[in-house]
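The file run_18.tsv comes next; it holds TSV, N, CA and C atoms.
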```tsv
chain	number	residue	atom	x	y	z
A	25	MET	N	1.84	-16.20	-7.00
A	25	MET	CA	2.24	-14.82	-6.78
A	25	MET	C	2.63	-14.18	-8.12
A	26	LYS	N	2.53	-12.88	-8.17
A	26	LYS	CA	2.67	-12.20	-9.46
A	26	LYS	C	3.97	-11.43	-9.57
A	27	SER	N	4.34	-11.15	-10.81
A	27	SER	CA	5.51	-10.31	-11.06
A	27	SER	C	5.12	-8.85	-10.83
A	28	ASP	N	6.12	-8.00	-10.72
A	28	ASP	CA	5.86	-6.56	-10.52
A	28	ASP	C	5.00	-5.98	-11.63
A	29	LYS	N	5.31	-6.36	-12.88
A	29	LYS	CA	4.57	-5.82	-14.02
A	29	LYS	C	3.09	-6.20	-13.92
A	30	ASP	N	2.83	-7.48	-13.64
A	30	ASP	CA	1.45	-7.94	-13.49
A	30	ASP	C	0.77	-7.24	-12.31
A	31	ALA	N	1.52	-7.10	-11.22
A	31	ALA	CA	0.96	-6.46	-10.03
A	31	ALA	C	0.61	-5.01	-10.31
A	32	LEU	N	1.44	-4.31	-11.07
A	32	LEU	CA	1.15	-2.91	-11.40
A	32	LEU	C	-0.09	-2.81	-12.29
A	33	GLU	N	-0.25	-3.77	-13.20
A	33	GLU	CA	-1.47	-3.79	-14.03
A	33	GLU	C	-2.69	-4.02	-13.14
A	34	ASP	N	-2.56	-4.93	-12.17
A	34	ASP	CA	-3.65	-5.20	-11.24
A	34	ASP	C	-3.99	-3.96	-10.43
A	35	VAL	N	-2.97	-3.22	-10.01
A	35	VAL	CA	-3.20	-1.98	-9.25
A	35	VAL	C	-4.01	-1.01	-10.11
A	36	GLN	N	-3.59	-0.86	-11.37
A	36	GLN	CA	-4.29	0.05	-12.28
A	36	GLN	C	-5.76	-0.36	-12.43
A	37	ASN	N	-5.99	-1.64	-12.66
A	37	ASN	CA	-7.37	-2.14	-12.81
A	37	ASN	C	-8.17	-1.93	-11.54
A	38	PHE	N	-7.54	-2.21	-10.40
A	38	PHE	CA	-8.21	-2.08	-9.10
A	38	PHE	C	-8.62	-0.62	-8.88
A	39	ILE	N	-7.70	0.29	-9.15
A	39	ILE	CA	-7.99	1.70	-8.93
A	39	ILE	C	-9.12	2.17	-9.85
A	40	ASN	N	-9.10	1.69	-11.09
A	40	ASN	CA	-10.13	2.11	-12.05
A	40	ASN	C	-11.49	1.50	-11.74
A	41	LYS	N	-11.52	0.29	-11.19
A	41	LYS	CA	-12.80	-0.43	-11.06
A	41	LYS	C	-13.29	-0.60	-9.63
A	42	GLN	N	-12.38	-0.82	-8.67
A	42	GLN	CA	-12.82	-1.23	-7.34
A	42	GLN	C	-12.50	-0.24	-6.24
A	43	ASN	N	-11.68	0.73	-6.51
A	43	ASN	CA	-11.27	1.64	-5.45
A	43	ASN	C	-12.47	2.38	-4.88
A	44	THR	N	-12.51	2.51	-3.57
A	44	THR	CA	-13.66	3.12	-2.91
A	44	THR	C	-13.37	4.54	-2.40
A	45	THR	N	-12.22	5.07	-2.75
A	45	THR	CA	-11.88	6.42	-2.30
A	45	THR	C	-12.89	7.41	-2.85
A	46	LYS	N	-13.47	8.21	-1.96
A	46	LYS	CA	-14.49	9.17	-2.37
A	46	LYS	C	-13.85	10.44	-2.93
A	47	GLN	N	-14.59	11.12	-3.79
A	47	GLN	CA	-14.13	12.39	-4.34
A	47	GLN	C	-13.78	13.32	-3.19
A	48	GLY	N	-12.64	14.00	-3.30
A	48	GLY	CA	-12.22	14.94	-2.26
A	48	GLY	C	-11.34	14.30	-1.20
A	49	GLU	N	-11.09	12.98	-1.30
A	49	GLU	CA	-10.31	12.29	-0.28
A	49	GLU	C	-9.04	11.67	-0.87
A	50	VAL	N	-8.14	11.32	0.03
A	50	VAL	CA	-6.99	10.49	-0.33
A	50	VAL	C	-7.21	9.16	0.36
A	51	GLY	N	-7.15	8.07	-0.41
A	51	GLY	CA	-7.44	6.76	0.15
A	51	GLY	C	-6.31	5.79	-0.09
A	52	LEU	N	-6.36	4.70	0.66
A	52	LEU	CA	-5.36	3.65	0.52
A	52	LEU	C	-6.03	2.38	0.02
A	53	SER	N	-5.46	1.77	-1.01
A	53	SER	CA	-5.94	0.49	-1.51
A	53	SER	C	-4.85	-0.54	-1.31
A	54	ILE	N	-5.21	-1.65	-0.69
A	54	ILE	CA	-4.29	-2.79	-0.60
A	54	ILE	C	-4.80	-3.80	-1.62
A	55	VAL	N	-4.02	-4.03	-2.67
A	55	VAL	CA	-4.52	-4.78	-3.82
A	55	VAL	C	-4.29	-6.28	-3.68
A	56	GLU	N	-3.05	-6.68	-3.41
A	56	GLU	CA	-2.73	-8.11	-3.38
A	56	GLU	C	-1.35	-8.33	-2.81
A	57	PHE	N	-0.98	-9.60	-2.67
A	57	PHE	CA	0.39	-9.96	-2.29
A	57	PHE	C	1.25	-9.98	-3.55
A	58	VAL	N	2.51	-9.61	-3.41
A	58	VAL	CA	3.49	-9.82	-4.49
A	58	VAL	C	4.70	-10.52	-3.89
A	59	LYS	N	5.32	-11.33	-4.71
A	59	LYS	CA	6.54	-12.02	-4.29
A	59	LYS	C	7.72	-11.10	-4.61
A	60	LEU	N	8.61	-10.94	-3.65
A	60	LEU	CA	9.78	-10.10	-3.86
A	60	LEU	C	10.89	-10.96	-4.46
A	61	VAL	N	11.58	-10.42	-5.44
A	61	VAL	CA	12.58	-11.22	-6.14
A	61	VAL	C	13.98	-11.10	-5.54
A	62	GLU	N	14.22	-10.06	-4.75
A	62	GLU	CA	15.56	-9.90	-4.16
A	62	GLU	C	15.82	-11.09	-3.24
A	63	SER	N	16.77	-11.93	-3.63
A	63	SER	CA	16.98	-13.19	-2.90
A	63	SER	C	17.58	-12.96	-1.52
A	64	ASP	N	18.32	-11.87	-1.33
A	64	ASP	CA	18.94	-11.64	-0.02
A	64	ASP	C	18.03	-10.82	0.90
A	65	ALA	N	16.82	-10.54	0.44
A	65	ALA	CA	15.90	-9.76	1.27
A	65	ALA	C	15.46	-10.60	2.47
A	66	PRO	N	15.22	-9.92	3.60
A	66	PRO	CA	14.81	-10.67	4.80
A	66	PRO	C	13.36	-11.15	4.72
A	67	THR	N	12.65	-10.78	3.69
A	67	THR	CA	11.25	-11.17	3.55
A	67	THR	C	10.96	-11.54	2.10
A	68	LYS	N	10.01	-12.43	1.89
A	68	LYS	CA	9.74	-12.91	0.53
A	68	LYS	C	8.52	-12.26	-0.11
A	69	TYR	N	7.63	-11.70	0.71
A	69	TYR	CA	6.37	-11.17	0.19
A	69	TYR	C	6.14	-9.73	0.64
A	70	ALA	N	5.27	-9.06	-0.12
A	70	ALA	CA	4.88	-7.70	0.24
A	70	ALA	C	3.41	-7.50	-0.14
A	71	PHE	N	2.78	-6.54	0.51
A	71	PHE	CA	1.47	-6.09	0.09
A	71	PHE	C	1.69	-5.09	-1.03
A	72	MET	N	0.97	-5.24	-2.14
A	72	MET	CA	1.00	-4.23	-3.20
A	72	MET	C	-0.10	-3.25	-2.84
A	73	ALA	N	0.28	-2.02	-2.63
A	73	ALA	CA	-0.67	-1.00	-2.17
A	73	ALA	C	-0.63	0.19	-3.11
A	74	ALA	N	-1.63	1.04	-3.00
A	74	ALA	CA	-1.66	2.27	-3.78
A	74	ALA	C	-2.31	3.36	-2.95
A	75	LEU	N	-1.70	4.52	-2.93
A	75	LEU	CA	-2.30	5.69	-2.32
A	75	LEU	C	-3.02	6.42	-3.45
A	76	VAL	N	-4.33	6.59	-3.30
A	76	VAL	CA	-5.18	7.12	-4.37
A	76	VAL	C	-5.64	8.52	-3.99
A	77	ASN	N	-5.41	9.47	-4.88
A	77	ASN	CA	-5.75	10.86	-4.60
A	77	ASN	C	-6.98	11.28	-5.38
A	78	ARG	N	-8.11	11.42	-4.68
A	78	ARG	CA	-9.33	11.92	-5.31
A	78	ARG	C	-9.61	13.34	-4.85
A	79	SER	N	-8.60	13.98	-4.26
A	79	SER	CA	-8.78	15.37	-3.84
A	79	SER	C	-8.28	16.28	-4.95
A	80	ASP	N	-8.43	17.57	-4.77
A	80	ASP	CA	-7.93	18.51	-5.79
A	80	ASP	C	-6.58	19.08	-5.38
A	81	GLN	N	-5.95	18.45	-4.40
A	81	GLN	CA	-4.63	18.89	-3.97
A	81	GLN	C	-3.57	17.92	-4.47
A	82	GLU	N	-2.35	18.44	-4.54
A	82	GLU	CA	-1.21	17.64	-4.97
A	82	GLU	C	-0.26	17.56	-3.78
A	83	GLY	N	0.33	16.39	-3.56
A	83	GLY	CA	1.20	16.27	-2.39
A	83	GLY	C	2.45	15.48	-2.68
A	84	SER	N	3.41	15.61	-1.76
A	84	SER	CA	4.64	14.83	-1.85
A	84	SER	C	5.15	14.58	-0.44
A	85	ASP	N	6.21	13.77	-0.34
A	85	ASP	CA	6.79	13.42	0.97
A	85	ASP	C	5.69	13.04	1.95
A	86	ILE	N	4.87	12.08	1.54
A	86	ILE	CA	3.70	11.69	2.32
A	86	ILE	C	4.11	10.64	3.35
A	87	GLU	N	3.96	11.01	4.62
A	87	GLU	CA	4.29	10.11	5.72
A	87	GLU	C	3.00	9.50	6.25
A	88	MET	N	3.02	8.16	6.40
A	88	MET	CA	1.84	7.46	6.89
A	88	MET	C	2.20	6.59	8.07
A	89	LYS	N	1.24	6.42	8.96
A	89	LYS	CA	1.38	5.52	10.11
A	89	LYS	C	0.47	4.33	9.87
A	90	PHE	N	1.01	3.13	10.07
A	90	PHE	CA	0.31	1.89	9.78
A	90	PHE	C	0.17	0.99	10.98
A	91	THR	N	-0.95	0.33	11.08
A	91	THR	CA	-1.10	-0.85	11.94
A	91	THR	C	-1.76	-1.91	11.06
A	92	ILE	N	-1.09	-3.03	10.91
A	92	ILE	CA	-1.62	-4.13	10.09
A	92	ILE	C	-1.71	-5.36	10.98
A	93	THR	N	-2.92	-5.93	11.04
A	93	THR	CA	-3.17	-7.06	11.94
A	93	THR	C	-3.63	-8.29	11.15
A	94	ASN	N	-3.03	-9.42	11.45
A	94	ASN	CA	-3.46	-10.69	10.88
A	94	ASN	C	-4.76	-11.08	11.60
A	95	LYS	N	-5.87	-11.17	10.85
A	95	LYS	CA	-7.17	-11.44	11.46
A	95	LYS	C	-7.23	-12.81	12.12
A	96	ALA	N	-6.54	-13.81	11.55
A	96	ALA	CA	-6.60	-15.17	12.08
A	96	ALA	C	-5.84	-15.30	13.40
A	97	THR	N	-4.64	-14.68	13.45
A	97	THR	CA	-3.79	-14.84	14.64
A	97	THR	C	-3.90	-13.65	15.60
A	98	ASN	N	-4.50	-12.55	15.12
A	98	ASN	CA	-4.60	-11.31	15.89
A	98	ASN	C	-3.23	-10.69	16.18
A	99	VAL	N	-2.22	-11.11	15.41
A	99	VAL	CA	-0.87	-10.57	15.57
A	99	VAL	C	-0.74	-9.30	14.73
A	100	LYS	N	-0.23	-8.25	15.36
A	100	LYS	CA	0.04	-7.01	14.63
A	100	LYS	C	1.41	-7.13	13.98
A	101	ILE	N	1.43	-7.20	12.64
A	101	ILE	CA	2.73	-7.29	11.96
A	101	ILE	C	3.36	-5.91	11.80
A	102	TYR	N	2.53	-4.88	11.84
A	102	TYR	CA	3.01	-3.50	11.97
A	102	TYR	C	2.14	-2.85	13.02
A	103	ASP	N	2.74	-2.07	13.90
A	103	ASP	CA	1.98	-1.45	14.98
A	103	ASP	C	2.40	0.01	15.11
A	104	GLY	N	1.70	0.86	14.37
A	104	GLY	CA	2.04	2.29	14.41
A	104	GLY	C	3.32	2.62	13.68
A	105	ASP	N	3.77	1.72	12.80
A	105	ASP	CA	5.01	1.98	12.05
A	105	ASP	C	4.78	3.07	11.01
A	106	LYS	N	5.83	3.82	10.73
A	106	LYS	CA	5.71	4.91	9.75
A	106	LYS	C	6.47	4.56	8.48
A	107	ILE	N	5.87	4.95	7.35
A	107	ILE	CA	6.59	4.89	6.08
A	107	ILE	C	6.39	6.24	5.39
A	108	THR	N	7.36	6.62	4.58
A	108	THR	CA	7.28	7.88	3.85
A	108	THR	C	7.44	7.60	2.36
A	109	LEU	N	6.50	8.14	1.58
A	109	LEU	CA	6.62	8.08	0.12
A	109	LEU	C	7.32	9.38	-0.29
A	110	SER	N	8.65	9.30	-0.38
A	110	SER	CA	9.44	10.51	-0.61
A	110	SER	C	9.25	11.05	-2.03
A	111	GLU	N	9.37	12.35	-2.14
A	111	GLU	CA	9.25	12.99	-3.45
A	111	GLU	C	10.32	12.46	-4.41
A	112	GLU	N	11.55	12.23	-3.90
A	112	GLU	CA	12.64	11.74	-4.75
A	112	GLU	C	12.28	10.39	-5.37
A	113	GLN	N	11.68	9.51	-4.57
A	113	GLN	CA	11.41	8.16	-5.05
A	113	GLN	C	10.05	8.04	-5.74
A	114	PHE	N	9.05	8.76	-5.24
A	114	PHE	CA	7.68	8.55	-5.72
A	114	PHE	C	7.09	9.76	-6.46
A	115	GLY	N	7.78	10.89	-6.44
A	115	GLY	CA	7.27	12.07	-7.12
A	115	GLY	C	6.09	12.68	-6.38
A	116	PHE	N	5.26	13.40	-7.12
A	116	PHE	CA	4.08	14.05	-6.55
A	116	PHE	C	2.86	13.19	-6.74
A	117	LEU	N	1.98	13.20	-5.76
A	117	LEU	CA	0.69	12.53	-5.89
A	117	LEU	C	-0.28	13.59	-6.41
A	118	LYS	N	-0.53	13.52	-7.70
A	118	LYS	CA	-1.39	14.52	-8.35
A	118	LYS	C	-2.86	14.14	-8.18
A	119	PRO	N	-3.77	15.12	-8.33
A	119	PRO	CA	-5.20	14.81	-8.25
A	119	PRO	C	-5.59	13.73	-9.27
A	120	ASN	N	-6.44	12.81	-8.84
A	120	ASN	CA	-6.93	11.70	-9.66
A	120	ASN	C	-5.81	10.79	-10.18
A	121	HIS	N	-4.75	10.68	-9.40
A	121	HIS	CA	-3.67	9.75	-9.68
A	121	HIS	C	-3.44	8.89	-8.45
A	122	ALA	N	-2.58	7.90	-8.61
A	122	ALA	CA	-2.24	7.02	-7.50
A	122	ALA	C	-0.75	6.74	-7.51
A	123	ILE	N	-0.22	6.46	-6.33
A	123	ILE	CA	1.18	6.05	-6.21
A	123	ILE	C	1.19	4.60	-5.72
A	124	PRO	N	1.63	3.64	-6.56
A	124	PRO	CA	1.76	2.27	-6.07
A	124	PRO	C	3.03	2.14	-5.22
A	125	PHE	N	2.96	1.33	-4.19
A	125	PHE	CA	4.13	1.06	-3.36
A	125	PHE	C	3.94	-0.28	-2.67
A	126	LYS	N	5.03	-0.80	-2.07
A	126	LYS	CA	4.98	-2.10	-1.42
A	126	LYS	C	5.21	-1.94	0.07
A	127	ILE	N	4.53	-2.82	0.84
A	127	ILE	CA	4.76	-2.91	2.28
A	127	ILE	C	5.22	-4.34	2.52
A	128	THR	N	6.46	-4.51	2.93
A	128	THR	CA	7.00	-5.87	3.10
A	128	THR	C	6.27	-6.60	4.23
A	129	ILE	N	6.17	-7.90	4.08
A	129	ILE	CA	5.50	-8.76	5.05
A	129	ILE	C	6.56	-9.62	5.73
A	130	PRO	N	6.63	-9.60	7.05
A	130	PRO	CA	7.63	-10.44	7.74
A	130	PRO	C	7.42	-11.92	7.41
A	131	ASP	N	8.53	-12.66	7.25
A	131	ASP	CA	8.45	-14.09	6.93
A	131	ASP	C	7.70	-14.87	8.01
A	132	THR	N	7.65	-14.35	9.22
A	132	THR	CA	6.93	-15.04	10.30
A	132	THR	C	5.46	-15.22	9.97
A	133	GLU	N	4.96	-14.48	8.97
A	133	GLU	CA	3.55	-14.60	8.58
A	133	GLU	C	3.26	-15.87	7.78
A	134	ASN	N	4.30	-16.52	7.24
A	134	ASN	CA	4.11	-17.76	6.48
A	134	ASN	C	2.97	-17.65	5.47
A	135	ILE	N	3.12	-16.73	4.54
A	135	ILE	CA	2.11	-16.50	3.51
A	135	ILE	C	1.94	-17.77	2.66
A	136	THR	N	0.69	-18.17	2.46
A	136	THR	CA	0.39	-19.35	1.64
A	136	THR	C	-0.45	-18.91	0.44
A	137	PRO	N	-0.51	-19.74	-0.60
A	137	PRO	CA	-1.28	-19.36	-1.80
A	137	PRO	C	-2.76	-19.13	-1.51
A	138	GLU	N	-3.29	-19.72	-0.45
A	138	GLU	CA	-4.71	-19.56	-0.14
A	138	GLU	C	-5.01	-18.21	0.50
A	139	MET	N	-3.99	-17.57	1.03
A	139	MET	CA	-4.21	-16.31	1.76
A	139	MET	C	-4.44	-15.15	0.80
A	140	THR	N	-5.22	-14.18	1.26
A	140	THR	CA	-5.43	-12.95	0.49
A	140	THR	C	-5.23	-11.76	1.42
A	141	VAL	N	-5.21	-10.57	0.83
A	141	VAL	CA	-5.05	-9.37	1.66
A	141	VAL	C	-6.24	-9.17	2.59
A	142	GLN	N	-7.37	-9.83	2.29
A	142	GLN	CA	-8.55	-9.73	3.16
A	142	GLN	C	-8.32	-10.43	4.50
A	143	ASP	N	-7.24	-11.21	4.60
A	143	ASP	CA	-6.91	-11.86	5.87
A	143	ASP	C	-6.28	-10.88	6.86
A	144	TYR	N	-6.15	-9.63	6.47
A	144	TYR	CA	-5.50	-8.62	7.30
A	144	TYR	C	-6.40	-7.40	7.49
A	145	ASP	N	-6.29	-6.79	8.65
A	145	ASP	CA	-6.93	-5.50	8.92
A	145	ASP	C	-5.89	-4.42	8.76
A	146	PHE	N	-6.25	-3.35	8.06
A	146	PHE	CA	-5.33	-2.24	7.84
A	146	PHE	C	-5.90	-0.98	8.47
A	147	GLU	N	-5.13	-0.40	9.38
A	147	GLU	CA	-5.47	0.93	9.90
A	147	GLU	C	-4.32	1.83	9.47
A	148	TRP	N	-4.66	3.01	9.00
A	148	TRP	CA	-3.60	3.89	8.54
A	148	TRP	C	-4.07	5.34	8.61
A	149	GLU	N	-3.13	6.23	8.67
A	149	GLU	CA	-3.43	7.66	8.58
A	149	GLU	C	-2.22	8.38	8.03
A	150	ILE	N	-2.49	9.46	7.33
A	150	ILE	CA	-1.40	10.30	6.85
A	150	ILE	C	-1.02	11.21	8.01
A	151	THR	N	0.24	11.16	8.41
A	151	THR	CA	0.69	11.93	9.57
A	151	THR	C	1.43	13.20	9.15
A	152	ASN	N	1.88	13.24	7.91
A	152	ASN	CA	2.61	14.43	7.46
A	152	ASN	C	2.70	14.40	5.93
A	153	SER	N	2.66	15.54	5.30
A	153	SER	CA	2.88	15.61	3.85
A	153	SER	C	3.04	17.07	3.44
A	154	LYS	N	3.61	17.23	2.26
A	154	LYS	CA	3.69	18.58	1.67
A	154	LYS	C	2.59	18.64	0.62
A	155	MET	N	1.53	19.35	0.94
A	155	MET	CA	0.41	19.48	-0.01
A	155	MET	C	0.47	20.87	-0.63
A	156	LYS	N	0.10	20.93	-1.89
A	156	LYS	CA	-0.04	22.25	-2.51
A	156	LYS	C	-1.33	22.28	-3.30
A	157	GLU	N	-1.99	23.41	-3.25
A	157	GLU	CA	-3.31	23.54	-3.92
A	157	GLU	C	-3.09	23.80	-5.40
```
Using the file provided, produce a representation of the structure as structure tokens.
Amino acid sequence: MKSDKDALEDVQNFINKQNTTKQGEVGLSIVEFVKLVESDAPTKYAFMAALVNRSDQEGSDIEMKFTITNKATNVKIYDGDKITLSEEQFGFLKPNHAIPFKITIPDTENITPEMTVQDYDFEWEITNSKMKE
């Protein structure tokens, strides 16, 4: 598992080379697992994700609804859960920029070194945001 600094570099490389978000769209990239260092946290791992803006609009306070399913067990670790990338914490999502963020993974998932983010299905949609042209 990687440190935050390494994970952020990986996010940058992923966005520059592998991201599939089309021009005019806002897309979500799930890059890899990261180990969380907070020892008192209820979970040890998170998905390192990035919201990628290929549109010509700028947004903030982006609320998203998630369903994340473990493909092997068919267990939904998130089922319609909402997260918000607040302007205070994440700033504005400007055109041709990305906001990296983490989605914690419940310990019940028993993440192993062999596992990758491809072991999960991600469904998501933006349910609310403040966009400005």
Within 8 Å of range 123-129 of chain A, which residues of range 34-99 of chain A show up? Give each one with its shortest atom-to-atom distance in Å (one decimal) and the two atoms involved, counting only C-alpha atoms, rows by chain then rising residue number, as a tab-separated table.
```
residue	atom	partner	partner_atom	distance
A:Val35	CA	A:Pro124	CA	7.3
A:Thr67	CA	A:Ile129	CA	6.4
A:Lys68	CA	A:Ile129	CA	7.5
A:Tyr69	CA	A:Ile129	CA	5.5
A:Ala70	CA	A:Thr128	CA	4.0
A:Phe71	CA	A:Ile127	CA	5.1
A:Met72	CA	A:Lys126	CA	4.9
A:Ala73	CA	A:Phe125	CA	5.4
A:Ala74	CA	A:Pro124	CA	4.1
A:Leu75	CA	A:Ile123	CA	5.2
A:Val76	CA	A:Ile123	CA	6.7
```
Please provide as a ChimeraX atom specification all residues within 6 Å of range 98-110 of chain A, with the sequence filter that same-chain residues fewer than 2 positions apart are discarded (counting all atoms listed in the file). /A:84-96,112-115
Output of the above residues as a PDB file, in the frame of the given file, restricted to N, CA and C atoms:
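Dumped to selection35.pdb:
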```
ATOM      1  N   SER A  84       3.410  15.610  -1.760  1.00  0.00           N
ATOM      2  CA  SER A  84       4.640  14.830  -1.850  1.00  0.00           C
ATOM      3  C   SER A  84       5.150  14.580  -0.440  1.00  0.00           C
ATOM      4  N   ASP A  85       6.210  13.770  -0.340  1.00  0.00           N
ATOM      5  CA  ASP A  85       6.790  13.420   0.970  1.00  0.00           C
ATOM      6  C   ASP A  85       5.690  13.040   1.950  1.00  0.00           C
ATOM      7  N   ILE A  86       4.870  12.080   1.540  1.00  0.00           N
ATOM      8  CA  ILE A  86       3.700  11.690   2.320  1.00  0.00           C
ATOM      9  C   ILE A  86       4.110  10.640   3.350  1.00  0.00           C
ATOM     10  N   GLU A  87       3.960  11.010   4.620  1.00  0.00           N
ATOM     11  CA  GLU A  87       4.290  10.110   5.720  1.00  0.00           C
ATOM     12  C   GLU A  87       3.000   9.500   6.250  1.00  0.00           C
ATOM     13  N   MET A  88       3.020   8.160   6.400  1.00  0.00           N
ATOM     14  CA  MET A  88       1.840   7.460   6.890  1.00  0.00           C
ATOM     15  C   MET A  88       2.200   6.590   8.070  1.00  0.00           C
ATOM     16  N   LYS A  89       1.240   6.420   8.960  1.00  0.00           N
ATOM     17  CA  LYS A  89       1.380   5.520  10.110  1.00  0.00           C
ATOM     18  C   LYS A  89       0.470   4.330   9.870  1.00  0.00           C
ATOM     19  N   PHE A  90       1.010   3.130  10.070  1.00  0.00           N
ATOM     20  CA  PHE A  90       0.310   1.890   9.780  1.00  0.00           C
ATOM     21  C   PHE A  90       0.170   0.990  10.980  1.00  0.00           C
ATOM     22  N   THR A  91      -0.950   0.330  11.080  1.00  0.00           N
ATOM     23  CA  THR A  91      -1.100  -0.850  11.940  1.00  0.00           C
ATOM     24  C   THR A  91      -1.760  -1.910  11.060  1.00  0.00           C
ATOM     25  N   ILE A  92      -1.090  -3.030  10.910  1.00  0.00           N
ATOM     26  CA  ILE A  92      -1.620  -4.130  10.090  1.00  0.00           C
ATOM     27  C   ILE A  92      -1.710  -5.360  10.980  1.00  0.00           C
ATOM     28  N   THR A  93      -2.920  -5.930  11.040  1.00  0.00           N
ATOM     29  CA  THR A  93      -3.170  -7.060  11.940  1.00  0.00           C
ATOM     30  C   THR A  93      -3.630  -8.290  11.150  1.00  0.00           C
ATOM     31  N   ASN A  94      -3.030  -9.420  11.450  1.00  0.00           N
ATOM     32  CA  ASN A  94      -3.460 -10.690  10.880  1.00  0.00           C
ATOM     33  C   ASN A  94      -4.760 -11.080  11.600  1.00  0.00           C
ATOM     34  N   LYS A  95      -5.870 -11.170  10.850  1.00  0.00           N
ATOM     35  CA  LYS A  95      -7.170 -11.440  11.460  1.00  0.00           C
ATOM     36  C   LYS A  95      -7.230 -12.810  12.120  1.00  0.00           C
ATOM     37  N   ALA A  96      -6.540 -13.810  11.550  1.00  0.00           N
ATOM     38  CA  ALA A  96      -6.600 -15.170  12.080  1.00  0.00           C
ATOM     39  C   ALA A  96      -5.840 -15.300  13.400  1.00  0.00           C
ATOM     40  N   GLU A 112      11.550  12.230  -3.900  1.00  0.00           N
ATOM     41  CA  GLU A 112      12.640  11.740  -4.750  1.00  0.00           C
ATOM     42  C   GLU A 112      12.280  10.390  -5.370  1.00  0.00           C
ATOM     43  N   GLN A 113      11.680   9.510  -4.570  1.00  0.00           N
ATOM     44  CA  GLN A 113      11.410   8.160  -5.050  1.00  0.00           C
ATOM     45  C   GLN A 113      10.050   8.040  -5.740  1.00  0.00           C
ATOM     46  N   PHE A 114       9.050   8.760  -5.240  1.00  0.00           N
ATOM     47  CA  PHE A 114       7.680   8.550  -5.720  1.00  0.00           C
ATOM     48  C   PHE A 114       7.090   9.760  -6.460  1.00  0.00           C
ATOM     49  N   GLY A 115       7.780  10.890  -6.440  1.00  0.00           N
ATOM     50  CA  GLY A 115       7.270  12.070  -7.120  1.00  0.00           C
ATOM     51  C   GLY A 115       6.090  12.680  -6.380  1.00  0.00           C
TER      52      GLY A 115
END
```
Interatomic distance between CA of Gly51 in chain A and CA of Gly83 in chain A?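 According to the coordinates, CA of Gly51 in chain A and CA of Gly83 in chain A are separated by 13.1 Å.
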Atom-to-atom span, CA of Asp80 in chain A and atom C of Pro119 in chain A, Å: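 Atom-to-atom, CA of Asp80 in chain A to atom C of Pro119 in chain A, that is 6.4 Å.
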Starting from 6 Å padding per side, set up an axis-aligned box that covers all listed atoms of range 99-102 of chain A and hand over centre and edge lengths in Å, one decimal, as AutoDock Vina command-line options.
```
--center_x 0.6 --center_y -7.0 --center_z 13.7 --size_x 17.6 --size_y 20.3 --size_z 15.8
```
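Going from atom C of Lys59 in chain A over to atom C of Thr136 in chain A, you cover 12.4 Å.
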So which residues of range 66-122 of chain A fall under alpha helix (DSSP H) by DSSP, listed as a PyMOL selection string? chain A and resi 111-114
Out of A:Pro130, A:Phe116, A:Asn77, A:Leu60, which residue has the shortest atom-to-atom distance to Gln47 in chain A when counting all atoms listed in the file? A:Asn77
Apply DSSP to the structure's backbone, then extract all residues of chain A labelled strand (DSSP E) and return them as a PyMOL selection string. chain A and resi 50-59+69-77+82-94+100-109+121-129+144-156
Please rebuild range 70-78 of chain A with N, CA, C and O atoms and give the result as a compact mmCIF listing (two decimals), in the frame of the given file.
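Wrote selection.txt, looks like this:
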```txt
# COMPACT_ATOMS: atom_id res chain seq x y z
N ALA A 70 5.27 -9.06 -0.12
CA ALA A 70 4.88 -7.70 0.24
C ALA A 70 3.41 -7.50 -0.14
O ALA A 70 2.88 -8.21 -0.99
N PHE A 71 2.78 -6.54 0.51
CA PHE A 71 1.47 -6.09 0.09
C PHE A 71 1.69 -5.09 -1.03
O PHE A 71 2.51 -4.18 -0.90
N MET A 72 0.97 -5.24 -2.14
CA MET A 72 1.00 -4.23 -3.20
C MET A 72 -0.10 -3.25 -2.84
O MET A 72 -1.27 -3.62 -2.71
N ALA A 73 0.28 -2.02 -2.63
CA ALA A 73 -0.67 -1.00 -2.17
C ALA A 73 -0.63 0.19 -3.11
O ALA A 73 0.28 0.33 -3.92
N ALA A 74 -1.63 1.04 -3.00
CA ALA A 74 -1.66 2.27 -3.78
C ALA A 74 -2.31 3.36 -2.95
O ALA A 74 -3.36 3.14 -2.34
N LEU A 75 -1.70 4.52 -2.93
CA LEU A 75 -2.30 5.69 -2.32
C LEU A 75 -3.02 6.42 -3.45
O LEU A 75 -2.41 6.77 -4.46
N VAL A 76 -4.33 6.59 -3.30
CA VAL A 76 -5.18 7.12 -4.37
C VAL A 76 -5.64 8.52 -3.99
O VAL A 76 -6.19 8.72 -2.91
N ASN A 77 -5.41 9.47 -4.88
CA ASN A 77 -5.75 10.86 -4.60
C ASN A 77 -6.98 11.28 -5.38
O ASN A 77 -6.93 11.46 -6.59
N ARG A 78 -8.11 11.42 -4.68
CA ARG A 78 -9.33 11.92 -5.31
C ARG A 78 -9.61 13.34 -4.85
O ARG A 78 -10.72 13.84 -5.02
```
